[in-house]
file entry20.txt (compact mmCIF, C-alpha atoms and all ligand atoms)
# COMPACT_ATOMS: atom_id res chain seq x y z
CA MET A 1 -45.19 35.51 -3.33
CA ASN A 2 -42.41 33.95 -5.42
CA PRO A 3 -41.38 30.70 -3.61
CA GLU A 4 -37.65 31.41 -3.92
CA LEU A 5 -38.09 34.86 -2.41
CA LEU A 6 -40.15 33.38 0.40
CA LEU A 7 -37.43 30.79 1.16
CA SER A 8 -34.79 33.53 1.15
CA ARG A 9 -36.58 35.16 4.10
CA ILE A 10 -36.04 32.16 6.38
CA ARG A 11 -33.01 32.23 8.65
CA VAL A 12 -31.67 28.97 10.03
CA VAL A 13 -30.20 29.73 13.46
CA LEU A 14 -27.97 27.14 15.15
CA CYS A 15 -27.50 27.88 18.84
CA ARG A 16 -24.12 26.96 20.32
CA PRO A 17 -23.32 24.12 17.89
CA SER A 18 -20.47 21.93 19.23
CA HIS A 19 -19.50 20.03 16.09
CA PRO A 20 -18.33 21.93 13.01
CA GLY A 21 -19.37 18.92 10.92
CA ASN A 22 -23.00 19.57 11.86
CA ILE A 23 -22.69 23.20 10.75
CA GLY A 24 -21.51 21.98 7.34
CA ALA A 25 -24.30 19.39 7.18
CA ALA A 26 -26.87 22.10 8.02
CA ALA A 27 -25.53 24.34 5.23
CA ARG A 28 -25.83 21.51 2.74
CA ALA A 29 -29.35 20.65 3.95
CA MET A 30 -30.37 24.29 3.52
CA LYS A 31 -28.90 24.78 0.07
CA THR A 32 -30.50 21.61 -1.32
CA MET A 33 -33.87 23.08 -0.31
CA GLY A 34 -33.25 26.63 -1.53
CA LEU A 35 -32.59 28.28 1.85
CA SER A 36 -29.46 30.39 2.17
CA ARG A 37 -29.28 32.39 5.38
CA LEU A 38 -27.33 30.63 8.10
CA TYR A 39 -26.85 32.22 11.54
CA LEU A 40 -24.49 30.74 14.13
CA VAL A 41 -24.85 31.73 17.76
CA ALA A 42 -21.58 31.23 19.69
CA PRO A 43 -20.36 28.22 17.71
CA LYS A 44 -17.67 26.22 19.52
CA GLN A 45 -15.44 25.99 16.44
CA PHE A 46 -16.05 28.00 13.29
CA PRO A 47 -14.77 28.36 10.60
CA ASP A 48 -13.40 24.84 10.47
CA PRO A 49 -12.22 22.47 7.70
CA GLU A 50 -14.66 19.81 8.94
CA ALA A 51 -17.57 22.20 8.33
CA ASP A 52 -16.31 22.86 4.78
CA THR A 53 -15.96 19.13 4.12
CA ARG A 54 -19.48 18.31 5.26
CA ALA A 55 -20.97 21.27 3.37
CA THR A 56 -19.48 20.03 0.06
CA GLY A 57 -21.04 22.36 -2.55
CA ALA A 58 -22.63 24.63 0.07
CA VAL A 59 -19.42 26.29 1.32
CA ASP A 60 -20.79 29.61 0.03
CA LEU A 61 -23.46 29.48 2.74
CA LEU A 62 -20.73 29.02 5.37
CA GLN A 63 -18.77 31.94 3.97
CA GLN A 64 -21.85 34.16 4.12
CA ALA A 65 -22.98 32.88 7.55
CA THR A 66 -23.61 35.46 10.27
CA VAL A 67 -21.90 34.66 13.57
CA THR A 68 -23.35 36.29 16.69
CA GLY A 69 -22.75 36.08 20.44
CA THR A 70 -26.41 35.72 21.43
CA LEU A 71 -29.68 34.45 19.98
CA SER A 72 -31.14 37.90 20.41
CA GLU A 73 -28.59 39.33 17.98
CA ALA A 74 -29.30 36.53 15.47
CA LEU A 75 -33.02 37.36 15.59
CA ALA A 76 -32.55 41.12 15.15
CA GLY A 77 -34.75 42.38 12.32
CA SER A 78 -36.93 39.25 12.24
CA ARG A 79 -40.63 39.12 13.12
CA PHE A 80 -41.25 35.49 13.98
CA ALA A 81 -39.06 32.69 15.41
CA MET A 82 -39.87 29.00 15.66
CA ALA A 83 -37.96 26.75 18.05
CA LEU A 84 -37.06 23.19 17.12
CA SER A 85 -37.30 21.06 20.21
CA ALA A 86 -37.43 17.32 20.76
CA ARG A 87 -39.63 17.83 23.83
CA GLN A 88 -42.29 20.11 25.36
CA ARG A 89 -40.97 22.58 27.98
CA ASP A 90 -42.70 24.11 30.96
CA LEU A 91 -44.25 27.40 29.86
CA GLY A 92 -42.66 27.07 26.42
CA PRO A 93 -44.83 27.69 23.34
CA GLU A 94 -47.21 24.86 22.54
CA ILE A 95 -45.56 22.24 20.35
CA GLY A 96 -46.86 21.88 16.78
CA GLN A 97 -46.32 19.41 13.94
CA PRO A 98 -43.73 20.38 11.29
CA ARG A 99 -46.12 20.71 8.31
CA GLU A 100 -48.73 22.91 9.94
CA SER A 101 -46.08 24.93 11.80
CA VAL A 102 -44.17 25.58 8.60
CA GLY A 103 -47.43 26.82 7.06
CA ARG A 104 -47.57 29.43 9.80
CA LEU A 105 -43.87 30.27 9.40
CA LEU A 106 -44.30 30.94 5.68
CA ALA A 107 -47.44 33.01 6.26
CA GLU A 108 -45.27 35.20 8.51
CA ALA A 109 -42.48 35.19 5.91
CA GLU A 110 -44.90 36.86 3.47
CA GLN A 111 -44.67 39.87 5.77
CA GLY A 112 -40.94 39.81 6.62
CA GLU A 113 -37.98 37.91 8.02
CA VAL A 114 -38.51 34.71 10.03
CA ALA A 115 -36.26 32.17 11.79
CA LEU A 116 -36.01 28.47 12.55
CA VAL A 117 -34.03 28.04 15.77
CA PHE A 118 -32.11 24.83 16.52
CA GLY A 119 -30.37 23.81 19.75
CA ASN A 120 -27.04 22.44 20.84
CA GLU A 121 -26.32 18.77 20.05
CA THR A 122 -26.15 17.65 23.68
CA MET A 123 -28.30 20.10 25.60
CA GLY A 124 -30.88 21.14 23.01
CA LEU A 125 -32.26 24.69 23.36
CA SER A 126 -32.04 26.40 26.75
CA ASN A 127 -35.26 27.73 28.29
CA GLU A 128 -33.99 31.23 27.68
CA GLU A 129 -33.51 30.48 23.98
CA ILE A 130 -36.99 28.90 23.76
CA PHE A 131 -38.54 32.03 25.28
CA HIS A 132 -37.18 34.08 22.38
CA CYS A 133 -39.45 32.07 20.06
CA GLN A 134 -43.19 32.52 19.43
CA ALA A 135 -43.80 28.92 18.33
CA ALA A 136 -42.23 25.49 18.76
CA VAL A 137 -42.19 22.35 16.69
CA THR A 138 -41.22 18.74 17.30
CA ILE A 139 -40.44 16.34 14.47
CA PRO A 140 -42.51 13.24 15.24
CA THR A 141 -40.13 10.33 15.75
CA ASN A 142 -39.89 6.90 17.31
CA PRO A 143 -40.86 7.68 20.95
CA ASP A 144 -38.08 5.37 22.16
CA PHE A 145 -35.42 7.19 20.12
CA SER A 146 -36.55 10.70 19.42
CA SER A 147 -33.46 12.84 18.98
CA LEU A 148 -32.32 13.54 15.43
CA ASN A 149 -28.84 14.62 14.45
CA LEU A 150 -28.79 18.41 14.16
CA GLY A 151 -28.12 18.37 10.40
CA ALA A 152 -30.94 15.85 9.88
CA ALA A 153 -33.39 18.02 11.84
CA VAL A 154 -32.41 21.02 9.68
CA GLN A 155 -32.99 18.90 6.55
CA VAL A 156 -36.49 17.84 7.59
CA LEU A 157 -37.61 21.40 8.31
CA CYS A 158 -36.02 22.86 5.17
CA TYR A 159 -37.75 20.18 3.10
CA GLU A 160 -41.10 21.09 4.63
CA CYS A 161 -40.40 24.77 3.90
CA ARG A 162 -39.68 23.99 0.25
CA MET A 163 -42.78 21.80 -0.11
CA THR A 164 -45.00 24.49 1.39
CA ALA A 165 -43.38 27.37 -0.52
CA PHE A 166 -44.03 25.50 -3.78
CA SER A 167 -47.58 24.48 -2.71
CA GLY A 168 -46.65 20.79 -2.46
CA LYS A 169 -45.16 20.52 -5.95
CA PRO A 170 -41.57 21.81 -6.18
CA PRO A 171 -40.01 21.43 -9.63
CA VAL A 172 -37.85 18.32 -9.99
CA ALA A 173 -34.34 18.66 -11.45
CA SER A 174 -34.47 16.77 -14.76
CA GLN A 175 -30.78 17.31 -15.60
CA GLY A 176 -31.58 17.63 -19.30
CA VAL A 177 -32.76 14.03 -19.70
CA THR A 178 -36.31 13.66 -20.95
CA ALA A 179 -38.19 10.48 -20.21
CA PHE A 180 -38.33 8.01 -23.13
CA VAL A 181 -41.75 8.16 -24.77
CA ALA A 182 -42.77 5.49 -27.27
CA PRO A 183 -46.07 5.07 -29.12
CA ALA A 184 -48.45 2.56 -27.59
CA ALA A 185 -49.36 -0.51 -29.63
CA SER A 186 -52.71 -0.27 -31.39
CA HIS A 187 -55.58 -2.69 -30.87
CA GLU A 188 -54.78 -4.46 -34.16
CA GLU A 189 -51.09 -4.82 -33.26
CA VAL A 190 -51.87 -6.34 -29.88
CA GLU A 191 -54.44 -8.69 -31.40
CA GLY A 192 -51.84 -9.69 -34.03
CA LEU A 193 -49.46 -10.60 -31.18
CA TYR A 194 -52.08 -12.75 -29.44
CA ALA A 195 -52.86 -14.60 -32.68
CA HIS A 196 -49.15 -15.14 -33.35
CA LEU A 197 -48.56 -16.35 -29.80
CA GLU A 198 -51.46 -18.76 -30.03
CA ALA A 199 -50.17 -20.14 -33.33
CA VAL A 200 -46.66 -20.71 -31.99
CA MET A 201 -47.89 -22.28 -28.76
CA THR A 202 -50.08 -24.61 -30.80
CA GLU A 203 -47.17 -25.50 -33.11
CA THR A 204 -44.88 -26.30 -30.19
CA GLY A 205 -47.61 -28.27 -28.42
CA PHE A 206 -47.65 -25.99 -25.40
CA PHE A 207 -51.27 -25.04 -26.14
CA ASN A 208 -53.98 -27.51 -27.06
CA PRO A 209 -56.93 -25.79 -28.81
CA GLU A 210 -59.11 -28.77 -27.86
CA GLN A 211 -58.47 -28.02 -24.17
CA PRO A 212 -57.76 -24.29 -24.01
CA GLY A 213 -58.24 -23.83 -20.26
CA ARG A 214 -57.47 -20.32 -19.01
CA LEU A 215 -54.15 -19.86 -20.80
CA LEU A 216 -55.25 -17.31 -23.40
CA PRO A 217 -57.20 -15.04 -21.02
CA LYS A 218 -54.28 -15.19 -18.56
CA LEU A 219 -51.85 -14.07 -21.26
CA ARG A 220 -54.20 -11.25 -22.24
CA ARG A 221 -54.34 -10.19 -18.62
CA LEU A 222 -50.53 -10.21 -18.37
CA PHE A 223 -49.94 -8.15 -21.51
CA GLY A 224 -52.92 -5.91 -20.78
CA ARG A 225 -51.29 -4.92 -17.50
CA SER A 226 -48.03 -3.98 -19.16
CA ARG A 227 -49.51 -1.45 -21.66
CA LEU A 228 -47.46 -2.72 -24.62
CA GLU A 229 -45.63 -0.30 -26.88
CA ARG A 230 -45.44 -0.81 -30.67
CA ASP A 231 -41.71 -1.62 -30.54
CA GLU A 232 -42.29 -4.19 -27.83
CA VAL A 233 -44.95 -5.96 -29.89
CA ASN A 234 -42.50 -6.04 -32.82
CA ILE A 235 -39.76 -7.53 -30.61
CA LEU A 236 -42.08 -10.22 -29.24
CA ARG A 237 -43.33 -11.08 -32.72
CA GLY A 238 -39.72 -11.26 -33.92
CA ILE A 239 -38.94 -13.77 -31.17
CA LEU A 240 -42.00 -15.82 -32.09
CA ALA A 241 -41.07 -15.77 -35.79
CA SER A 242 -37.52 -16.94 -35.00
CA THR A 243 -38.99 -19.86 -33.00
CA GLN A 244 -41.15 -20.78 -35.97
CA ILE A 245 -38.13 -20.89 -38.27
CA LYS A 246 -36.34 -23.26 -35.86
CA THR A 247 -39.38 -25.52 -35.56
CA GLY A 248 -39.89 -25.57 -39.33
CA HIS A 249 -43.12 -23.57 -39.24
CA GLY A 250 -41.55 -20.31 -40.32
CA ARG A 251 -41.89 -18.59 -43.64
CA LYS A 252 -39.30 -19.95 -46.02
CA GLY A 253 -36.97 -17.68 -47.90
N1 LIG B 1 -30.55 16.03 23.50
C1 LIG B 1 -31.18 17.18 22.95
C2 LIG B 1 -31.34 17.02 21.45
C3 LIG B 1 -30.30 17.74 20.71
S1 LIG B 1 -30.36 17.45 18.99
C4 LIG B 1 -32.54 17.39 23.52
O1 LIG B 1 -33.09 16.46 24.08
O2 LIG B 1 -33.09 18.49 23.35
C5 LIG B 1 -29.95 19.07 18.40
C6 LIG B 1 -31.13 19.87 17.94
O3 LIG B 1 -31.76 19.25 16.82
C7 LIG B 1 -32.24 20.08 18.93
O4 LIG B 1 -31.96 21.10 19.85
C8 LIG B 1 -33.39 20.46 18.02
O5 LIG B 1 -33.28 21.82 17.63
C9 LIG B 1 -33.15 19.55 16.83
N2 LIG B 1 -33.89 18.29 16.97
C10 LIG B 1 -33.40 17.04 17.12
N3 LIG B 1 -34.40 16.14 17.18
C11 LIG B 1 -35.55 16.82 17.03
C12 LIG B 1 -36.93 16.47 16.98
N4 LIG B 1 -37.35 15.22 17.09
N5 LIG B 1 -37.82 17.47 16.80
C13 LIG B 1 -37.43 18.75 16.68
N6 LIG B 1 -36.15 19.15 16.73
C14 LIG B 1 -35.22 18.20 16.89
call {"tool": "encode", "arguments": {"input": "entry20.txt", "output": "structure tokens", "more": "lines below"}}
Ligand code: SAH
result
Amino acid sequence: MNPELLLSRIRVVLCRPSHPGNIGAAARAMKTMGLSRLYLVAPKQFPDPEADTRATGAVDLLQQATVTGTLSEALAGSRFAMALSARQRDLGPEIGQPRESVGRLLAEAEQGEVALVFGNETMGLSNEEIFHCQAAVTIPTNPDFSSLNLGAAVQVLCYECRMTAFSGKPPVASQGVTAFVAPAASHEEVEGLYAHLEAVMTETGFFNPEQPGRLLPKLRRLFGRSRLERDEVNILRGILASTQIKTGHGRKG
């Protein structure tokens, strides 16, 4: 299925969010990853200017958000819900890793609507909310500091959804700038540079052909690593030629 269509079938449900700023951050996290359907279950304060501020360019998602009184209403019409929980609960669904769990979520999304369900900032998800979900996922974190900010947790999951929907290779925004491509220097051009370098180093006394040591192979190794372009060889040879003029070895005229 078309990745964008698949992503459009994922609802992000925030249960009882306390801070409007986090609602805005979640909207922004979603939109950057191509998700668009935000559901808010009994938000403490919404709409709110702080939510708009944190959403920046994703205010449209806030305007289209569905506000419900219960999680059950937010899940109406969906076929699969995944709880986001920082810890395993008694009798709750077995906890999975984000990547494999998102694989399952998207397999379900091929068939219909699905949901990612996030909890309140202080309390997390209630047991009742968890029991509305068929799967659960924990973002692996530092065991000594495991709780992410709500907006950050939404970002991580939305990123995984995008990666999976695009089979690991989502297109990157190039913003109309194409990478600079220059022709590589040919064998003869590079050899010409080495000969020129050797001549100048001999002229200045830096290199003694009677006692060459490892200088020339080391320089070949250095330039070999850098995959010289034709322009770069010309610049380096220009520098060498200018040195030769100063030291009286340059071509006259
Ligand atoms: N103190 C709460 C955490 C609340 S953070 C608790 O211990 O449950 C708000 C929400 O962000 C959580 O309910 C969960 O949906 C999500 N979240 C935060 N950290 C997470 C993690 N490591 N893995 C999965 N979800 C996480």
call {"tool": "closest_atom_pairs", "arguments": {"input": "entry20.txt", "of": "chain A", "to": "ligand LIG 1 (chain B)", "cutoff": "7 Å", "atoms": "only C-alpha atoms and all ligand atoms", "output": "JSON lines"}}
result
{"residue": "A:Ala83", "atom": "CA", "partner": "B:LIG1", "partner_atom": "O5", "distance": 6.8}
{"residue": "A:Leu84", "atom": "CA", "partner": "B:LIG1", "partner_atom": "O5", "distance": 4.1}
{"residue": "A:Ser85", "atom": "CA", "partner": "B:LIG1", "partner_atom": "N6", "distance": 4.1}
{"residue": "A:Ala86", "atom": "CA", "partner": "B:LIG1", "partner_atom": "C12", "distance": 3.9}
{"residue": "A:Arg87", "atom": "CA", "partner": "B:LIG1", "partner_atom": "O2", "distance": 6.6}
{"residue": "A:Val117", "atom": "CA", "partner": "B:LIG1", "partner_atom": "O5", "distance": 6.5}
{"residue": "A:Phe118", "atom": "CA", "partner": "B:LIG1", "partner_atom": "O5", "distance": 3.4}
{"residue": "A:Gly119", "atom": "CA", "partner": "B:LIG1", "partner_atom": "O4", "distance": 3.1}
{"residue": "A:Asn120", "atom": "CA", "partner": "B:LIG1", "partner_atom": "C5", "distance": 5.1}
{"residue": "A:Glu121", "atom": "CA", "partner": "B:LIG1", "partner_atom": "C5", "distance": 4.0}
{"residue": "A:Thr122", "atom": "CA", "partner": "B:LIG1", "partner_atom": "N1", "distance": 4.7}
{"residue": "A:Met123", "atom": "CA", "partner": "B:LIG1", "partner_atom": "C1", "distance": 4.9}
{"residue": "A:Gly124", "atom": "CA", "partner": "B:LIG1", "partner_atom": "O4", "distance": 3.3}
{"residue": "A:Leu125", "atom": "CA", "partner": "B:LIG1", "partner_atom": "O4", "distance": 5.0}
{"residue": "A:Val137", "atom": "CA", "partner": "B:LIG1", "partner_atom": "C13", "distance": 6.0}
{"residue": "A:Thr138", "atom": "CA", "partner": "B:LIG1", "partner_atom": "N5", "distance": 3.7}
{"residue": "A:Ile139", "atom": "CA", "partner": "B:LIG1", "partner_atom": "N5", "distance": 3.7}
{"residue": "A:Pro140", "atom": "CA", "partner": "B:LIG1", "partner_atom": "N4", "distance": 5.8}
{"residue": "A:Thr141", "atom": "CA", "partner": "B:LIG1", "partner_atom": "N4", "distance": 5.8}
{"residue": "A:Ser146", "atom": "CA", "partner": "B:LIG1", "partner_atom": "N4", "distance": 5.1}
{"residue": "A:Ser147", "atom": "CA", "partner": "B:LIG1", "partner_atom": "N3", "distance": 3.9}
{"residue": "A:Leu148", "atom": "CA", "partner": "B:LIG1", "partner_atom": "N3", "distance": 3.8}
{"residue": "A:Asn149", "atom": "CA", "partner": "B:LIG1", "partner_atom": "S1", "distance": 5.6}
{"residue": "A:Leu150", "atom": "CA", "partner": "B:LIG1", "partner_atom": "O3", "distance": 4.1}
{"residue": "A:Ala153", "atom": "CA", "partner": "B:LIG1", "partner_atom": "N2", "distance": 5.2}
call {"tool": "closest_residue", "arguments": {"input": "entry20.txt", "among": "A:Ala25, A:Met33, A:Ala135, A:Ala81", "to": "Ala173 of chain A", "atoms": "all atoms listed in the file"}}
result
A:Met33
call {"tool": "atom_distance", "arguments": {"input": "entry20.txt", "atom1": "atom CA of Ser78 of chain A", "atom2": "atom CA of Val114 of chain A"}}
result
5.3 Å
call {"tool": "residues_around", "arguments": {"input": "entry20.txt", "residues": "segment 199-214 of chain A", "least_positions_apart": "2", "cutoff": "8 Å", "atoms": "all atoms listed in the file", "output": "ChimeraX atom specification"}}
result
/A:195-197,216-218,240,243-244,247,249
call {"tool": "atom_distance", "arguments": {"input": "entry20.txt", "atom1": "atom CA of Ala165 of chain A", "atom2": "atom CA of Pro98 of chain A"}}
result
13.7 Å
call {"tool": "atom_distance", "arguments": {"input": "entry20.txt", "atom1": "atom CA of Pro43 of chain A", "atom2": "atom CA of Gln155 of chain A"}}
result
19.3 Å
call {"tool": "closest_residue", "arguments": {"input": "entry20.txt", "among": "A:Ala29, A:Ile95, A:Leu71, A:Ala55", "to": "Cys15 of chain A", "atoms": "all atoms listed in the file"}}
result
A:Leu71
call {"tool": "closest_residue", "arguments": {"input": "entry20.txt", "among": "A:His187, A:Arg28, A:Arg37, A:Arg99", "to": "Arg227 of chain A", "atoms": "all atoms listed in the file"}}
result
A:His187
call {"tool": "closest_residue", "arguments": {"input": "entry20.txt", "among": "A:Gln88, A:Ser8, A:Ser72, A:Gln111", "to": "Arg162 of chain A", "atoms": "only C-alpha atoms"}}
result
A:Ser8
call {"tool": "closest_residue", "arguments": {"input": "entry20.txt", "among": "A:Val181, A:Leu91, A:Ala115, A:Val172", "to": "Leu35 of chain A", "atoms": "only C-alpha atoms"}}
result
A:Ala115
call {"tool": "axis_aligned_box", "arguments": {"input": "entry20.txt", "around": "segment 70-76 of chain A", "padding_each_side": "8 Å", "output": "JSON"}}
result
{"center_x": -29.7, "center_y": 37.8, "center_z": 18.3, "size_x": 22.6, "size_y": 22.7, "size_z": 22.3}
call {"tool": "residues_around", "arguments": {"input": "entry20.txt", "residues": "Gln64 of chain A", "least_positions_apart": "5", "cutoff": "12 Å", "atoms": "all atoms listed in the file", "output": "PDB file with C-alpha atoms, in the frame of the given file"}}
result
ATOM      1  CA  ALA A  27     -25.530  24.340   5.230  1.00  0.00           C
ATOM      2  CA  SER A  36     -29.460  30.390   2.170  1.00  0.00           C
ATOM      3  CA  ARG A  37     -29.280  32.390   5.380  1.00  0.00           C
ATOM      4  CA  LEU A  38     -27.330  30.630   8.100  1.00  0.00           C
ATOM      5  CA  TYR A  39     -26.850  32.220  11.540  1.00  0.00           C
ATOM      6  CA  LEU A  40     -24.490  30.740  14.130  1.00  0.00           C
ATOM      7  CA  PRO A  47     -14.770  28.360  10.600  1.00  0.00           C
ATOM      8  CA  ALA A  58     -22.630  24.630   0.070  1.00  0.00           C
ATOM      9  CA  VAL A  59     -19.420  26.290   1.320  1.00  0.00           C
TER      10      VAL A  59
END
call {"tool": "residues_around", "arguments": {"input": "entry20.txt", "residues": "Met1 of chain A", "least_positions_apart": "5", "cutoff": "10 Å", "atoms": "all atoms listed in the file", "output": "MDAnalysis selection string"}}
result
chainID A and resid 6 109:110 165
call {"tool": "closest_residue", "arguments": {"input": "entry20.txt", "among": "A:Lys246, A:Arg237, A:Arg9, A:Arg16", "to": "Gly34 of chain A", "atoms": "all atoms listed in the file"}}
result
A:Arg9
call {"tool": "residues_around", "arguments": {"input": "entry20.txt", "residues": "Val102 of chain A", "least_positions_apart": "6", "cutoff": "9 Å", "atoms": "all atoms listed in the file", "output": "PyMOL selection string"}}
result
chain A and resi 82+137+157+160-161+164
call {"tool": "residues_around", "arguments": {"input": "entry20.txt", "residues": "Arg79 of chain A", "least_positions_apart": "4", "cutoff": "8 Å", "atoms": "all atoms listed in the file", "output": "JSON, numbers by chain"}}
result
{"A": [108, 112, 113, 114]}
